[in-house]
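Novice: First the structure, which I've put down as structure tokens, then a few questions once you've had a look.
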Amino acid sequence: MLKKMGEAVARVARKVNETVESGSDTLDLAECKLVSFPIGIYKVLRNVSDQIHLITLANNELKSLTSKFMTTFSQLRELHLEGNFLHRLPTEVGSLQHLKVIDLSRNQFQDFPEQLTTLPSLETINLEENEIVGEWAPPSDLELTTAVVRTVPSPLDFSRLSPSPAGSR
């Protein structure tokens with residue numbers, strides 16, 4: 001188990017170093033078994049965080065993101081968080097004024113993250129395969145190119161049904 005953890009840490013370090021050394025605008029930490037965004041990455045990326053426009057944290061085990069993540073990477077255009085265990089976003093997601101695409105599919109959201117409605121550049125929201133109950137429609141002043149929100153039907157209320165008479169079908 002320690003060997004696997006060591007390999008995962010080495011993989012994250014390698015990917016972060018690649019981003020810094022190449023001057024890339026992309027940080028891809030997909031499938032790195034992350035349970036949180038590593039604090040040490042903020043220090044490594046401090047001189048290039050404004051140049052990062054796309055972050056992929058897909059298919060990890062993230063349960064939350066911090067406000068520091070949102071404010072550090074304020075120039076993001078795309079954020080891919082699909083396939084995690086997220087159920088909410090920090091309020092500071094509103095600081096991502098340049099964000100065009102956010103993929104939150106295959107997480108554990110039960111409510112639509114309303115903070116996203118304040119983002120002026122947002123064009124695409126993907127919330128497929130979450131646990132959002134009920135209907136949701138984007139506010140009329142929110143101009144999205146794509147909004148994929150598949151909601152779970154509200155639970156059926158059987159309390160008002162009367163039992164069927166015995167023997168009837």
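Lettering and numbering for the structure tokens are positional, with chains as A, B, ... in the shown order, residues counted from 1 in each chain, and ligands counted from 1 in the shown order.
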What's around A:Ile52 at 10 Å? Count only C-alpha atoms, leave out sequence neighbours fewer than 6 positions away in its own chain, and write the answer as an NGL selection string.
Specialist: :A and (19-20 or 23-27 or 45 or 72-78)
Novice: Using only C-alpha atoms, which of the listed residues (A:Ile55, A:Val93, A:Lys15, A:Leu62) sits closest to A:Phe37?
Specialist: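 When distances to A:Phe37 are compared using only C-alpha atoms, the smallest one comes from A:Leu62.
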Novice: For a quick check of understanding, using only C-alpha atoms, which of A:Leu119, A:Ile41, A:Ser67, A:Val35 has the smallest distance to A:Asn17?
Specialist: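 Closest candidate: A:Ile41.
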Novice: What's around A:Gly40 at 12 Å? Count only C-alpha atoms, leave out sequence neighbours fewer than 6 positions away in its own chain, and write the answer as a list in words.
Specialist: Val9, Val12, Ala13, Val16, Arg46 and Phe69 of chain A
Novice: How would the residues just picked look written out with N, CA and C atoms as a short mmCIF file (atom, residue, chain, number, x, y, z; two decimals), in the first residue's frame?
Specialist:
data_model
loop_
_atom_site.label_atom_id
_atom_site.label_comp_id
_atom_site.auth_asym_id
_atom_site.auth_seq_id
_atom_site.Cartn_x
_atom_site.Cartn_y
_atom_site.Cartn_z
N VAL A 9 1.98 9.86 -5.29
CA VAL A 9 2.62 11.14 -4.96
C VAL A 9 3.63 11.51 -6.05
N VAL A 12 1.79 12.80 -9.15
CA VAL A 12 1.32 14.19 -8.98
C VAL A 12 2.49 15.15 -9.13
N ALA A 13 3.60 14.85 -8.46
CA ALA A 13 4.79 15.71 -8.54
C ALA A 13 5.28 15.83 -9.98
N VAL A 16 2.84 18.09 -11.98
CA VAL A 16 2.97 19.50 -11.60
C VAL A 16 4.26 20.08 -12.17
N ARG A 46 2.95 28.93 -7.47
CA ARG A 46 2.65 30.33 -7.12
C ARG A 46 3.05 31.32 -8.20
N PHE A 69 -8.26 27.22 -3.35
CA PHE A 69 -8.16 26.70 -4.70
C PHE A 69 -8.80 27.67 -5.68
#
Novice: If you count only C-alpha atoms, which residues fall within 12 Å of A:Leu65, apart from same-chain ones fewer than 2 positions away, as a short mmCIF file (atom, residue, chain, number, x, y, z; two decimals) with N, CA, C and O atoms, in the first residue's frame?
Specialist:
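Wrote out_11.cif, looks like this:
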data_model
loop_
_atom_site.label_atom_id
_atom_site.label_comp_id
_atom_site.auth_asym_id
_atom_site.auth_seq_id
_atom_site.Cartn_x
_atom_site.Cartn_y
_atom_site.Cartn_z
N LEU A 34 -6.45 11.48 -5.61
CA LEU A 34 -6.44 12.60 -4.67
C LEU A 34 -7.71 12.62 -3.84
O LEU A 34 -8.81 12.49 -4.37
N VAL A 35 -7.55 12.80 -2.53
CA VAL A 35 -8.71 12.99 -1.66
C VAL A 35 -8.89 14.48 -1.34
O VAL A 35 -9.94 14.90 -0.87
N SER A 36 -7.85 15.26 -1.59
CA SER A 36 -7.92 16.72 -1.48
C SER A 36 -6.85 17.29 -2.40
O SER A 36 -5.96 16.57 -2.86
N PHE A 37 -6.97 18.58 -2.69
CA PHE A 37 -5.96 19.22 -3.53
C PHE A 37 -4.72 19.46 -2.67
O PHE A 37 -4.80 20.11 -1.64
N PRO A 38 -3.57 18.91 -3.06
CA PRO A 38 -2.36 18.98 -2.22
C PRO A 38 -1.92 20.42 -1.97
O PRO A 38 -1.70 21.20 -2.90
N ILE A 39 -1.77 20.78 -0.71
CA ILE A 39 -1.40 22.13 -0.31
C ILE A 39 -0.06 22.55 -0.90
O ILE A 39 0.12 23.69 -1.31
N LEU A 57 -9.18 17.59 -12.60
CA LEU A 57 -9.07 16.80 -11.37
C LEU A 57 -10.07 15.64 -11.43
O LEU A 57 -10.58 15.18 -10.42
N GLU A 61 -10.82 11.24 -5.75
CA GLU A 61 -11.70 10.94 -4.63
C GLU A 61 -11.95 12.21 -3.81
O GLU A 61 -12.09 12.17 -2.60
N LEU A 62 -12.03 13.35 -4.52
CA LEU A 62 -12.20 14.64 -3.87
C LEU A 62 -13.59 14.76 -3.25
O LEU A 62 -14.59 14.49 -3.91
N LYS A 63 -13.64 15.21 -2.01
CA LYS A 63 -14.92 15.44 -1.33
C LYS A 63 -15.24 16.92 -1.28
O LYS A 63 -16.40 17.30 -1.12
N SER A 67 -11.61 27.29 -0.61
CA SER A 67 -11.70 28.64 -1.15
C SER A 67 -10.34 29.05 -1.72
O SER A 67 -10.26 29.76 -2.72
N LYS A 68 -9.26 28.57 -1.11
CA LYS A 68 -7.91 28.90 -1.61
C LYS A 68 -7.72 28.39 -3.03
O LYS A 68 -7.09 29.06 -3.85
N PHE A 69 -8.26 27.22 -3.35
CA PHE A 69 -8.16 26.70 -4.70
C PHE A 69 -8.80 27.67 -5.68
O PHE A 69 -8.22 28.02 -6.71
N MET A 70 -9.99 28.12 -5.36
CA MET A 70 -10.72 29.01 -6.27
C MET A 70 -10.02 30.36 -6.44
O MET A 70 -9.95 30.88 -7.55
N THR A 71 -9.51 30.92 -5.37
CA THR A 71 -8.87 32.23 -5.47
C THR A 71 -7.46 32.15 -6.07
O THR A 71 -7.02 33.08 -6.73
N THR A 72 -6.78 31.03 -5.87
CA THR A 72 -5.43 30.87 -6.45
C THR A 72 -5.49 30.74 -7.96
O THR A 72 -4.66 31.31 -8.67
N PHE A 73 -6.47 30.01 -8.46
CA PHE A 73 -6.57 29.77 -9.90
C PHE A 73 -7.69 30.61 -10.50
O PHE A 73 -8.55 30.12 -11.23
N LEU A 79 -12.69 23.91 -15.86
CA LEU A 79 -12.45 23.16 -14.64
C LEU A 79 -13.20 21.83 -14.75
O LEU A 79 -14.43 21.81 -14.84
N LEU A 81 -14.05 18.45 -12.98
CA LEU A 81 -14.11 17.81 -11.66
C LEU A 81 -14.97 16.55 -11.68
O LEU A 81 -15.37 16.06 -10.63
N ASN A 84 -15.87 12.54 -8.97
CA ASN A 84 -15.36 12.68 -7.60
C ASN A 84 -16.51 12.47 -6.62
O ASN A 84 -17.52 11.86 -6.97
N PHE A 85 -16.37 12.97 -5.40
CA PHE A 85 -17.41 12.85 -4.38
C PHE A 85 -17.85 14.23 -3.90
O PHE A 85 -18.25 14.39 -2.76
N LEU A 86 -17.80 15.21 -4.79
CA LEU A 86 -18.17 16.58 -4.42
C LEU A 86 -19.68 16.70 -4.25
O LEU A 86 -20.45 16.13 -5.00
N HIS A 87 -20.08 17.49 -3.25
CA HIS A 87 -21.50 17.73 -3.05
C HIS A 87 -21.82 19.22 -2.97
O HIS A 87 -22.98 19.62 -2.95
N ARG A 88 -20.78 20.05 -2.94
CA ARG A 88 -20.97 21.50 -2.95
C ARG A 88 -19.68 22.16 -3.44
O ARG A 88 -18.63 21.53 -3.49
N LEU A 89 -19.80 23.43 -3.80
CA LEU A 89 -18.65 24.23 -4.20
C LEU A 89 -18.49 25.36 -3.21
O LEU A 89 -19.48 25.86 -2.67
N PRO A 90 -17.27 25.82 -2.96
CA PRO A 90 -17.10 26.95 -2.06
C PRO A 90 -17.68 28.22 -2.69
O PRO A 90 -17.74 28.36 -3.91
N THR A 91 -18.10 29.13 -1.87
CA THR A 91 -18.66 30.40 -2.32
C THR A 91 -17.70 31.11 -3.26
O THR A 91 -18.11 31.76 -4.22
N GLU A 92 -16.41 30.94 -3.02
CA GLU A 92 -15.38 31.63 -3.81
C GLU A 92 -15.32 31.18 -5.26
O GLU A 92 -14.57 31.77 -6.04
N VAL A 93 -16.12 30.18 -5.64
CA VAL A 93 -16.18 29.82 -7.06
C VAL A 93 -16.63 31.05 -7.86
O VAL A 93 -16.30 31.19 -9.04
#
Novice: Of the candidates A:Pro120, A:Gly94, A:Gly6, A:Gly83, which shows the shortest atom-to-atom distance to A:Glu31, using only C-alpha atoms?
Specialist: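 The answer is A:Gly83, which sits nearest to A:Glu31.
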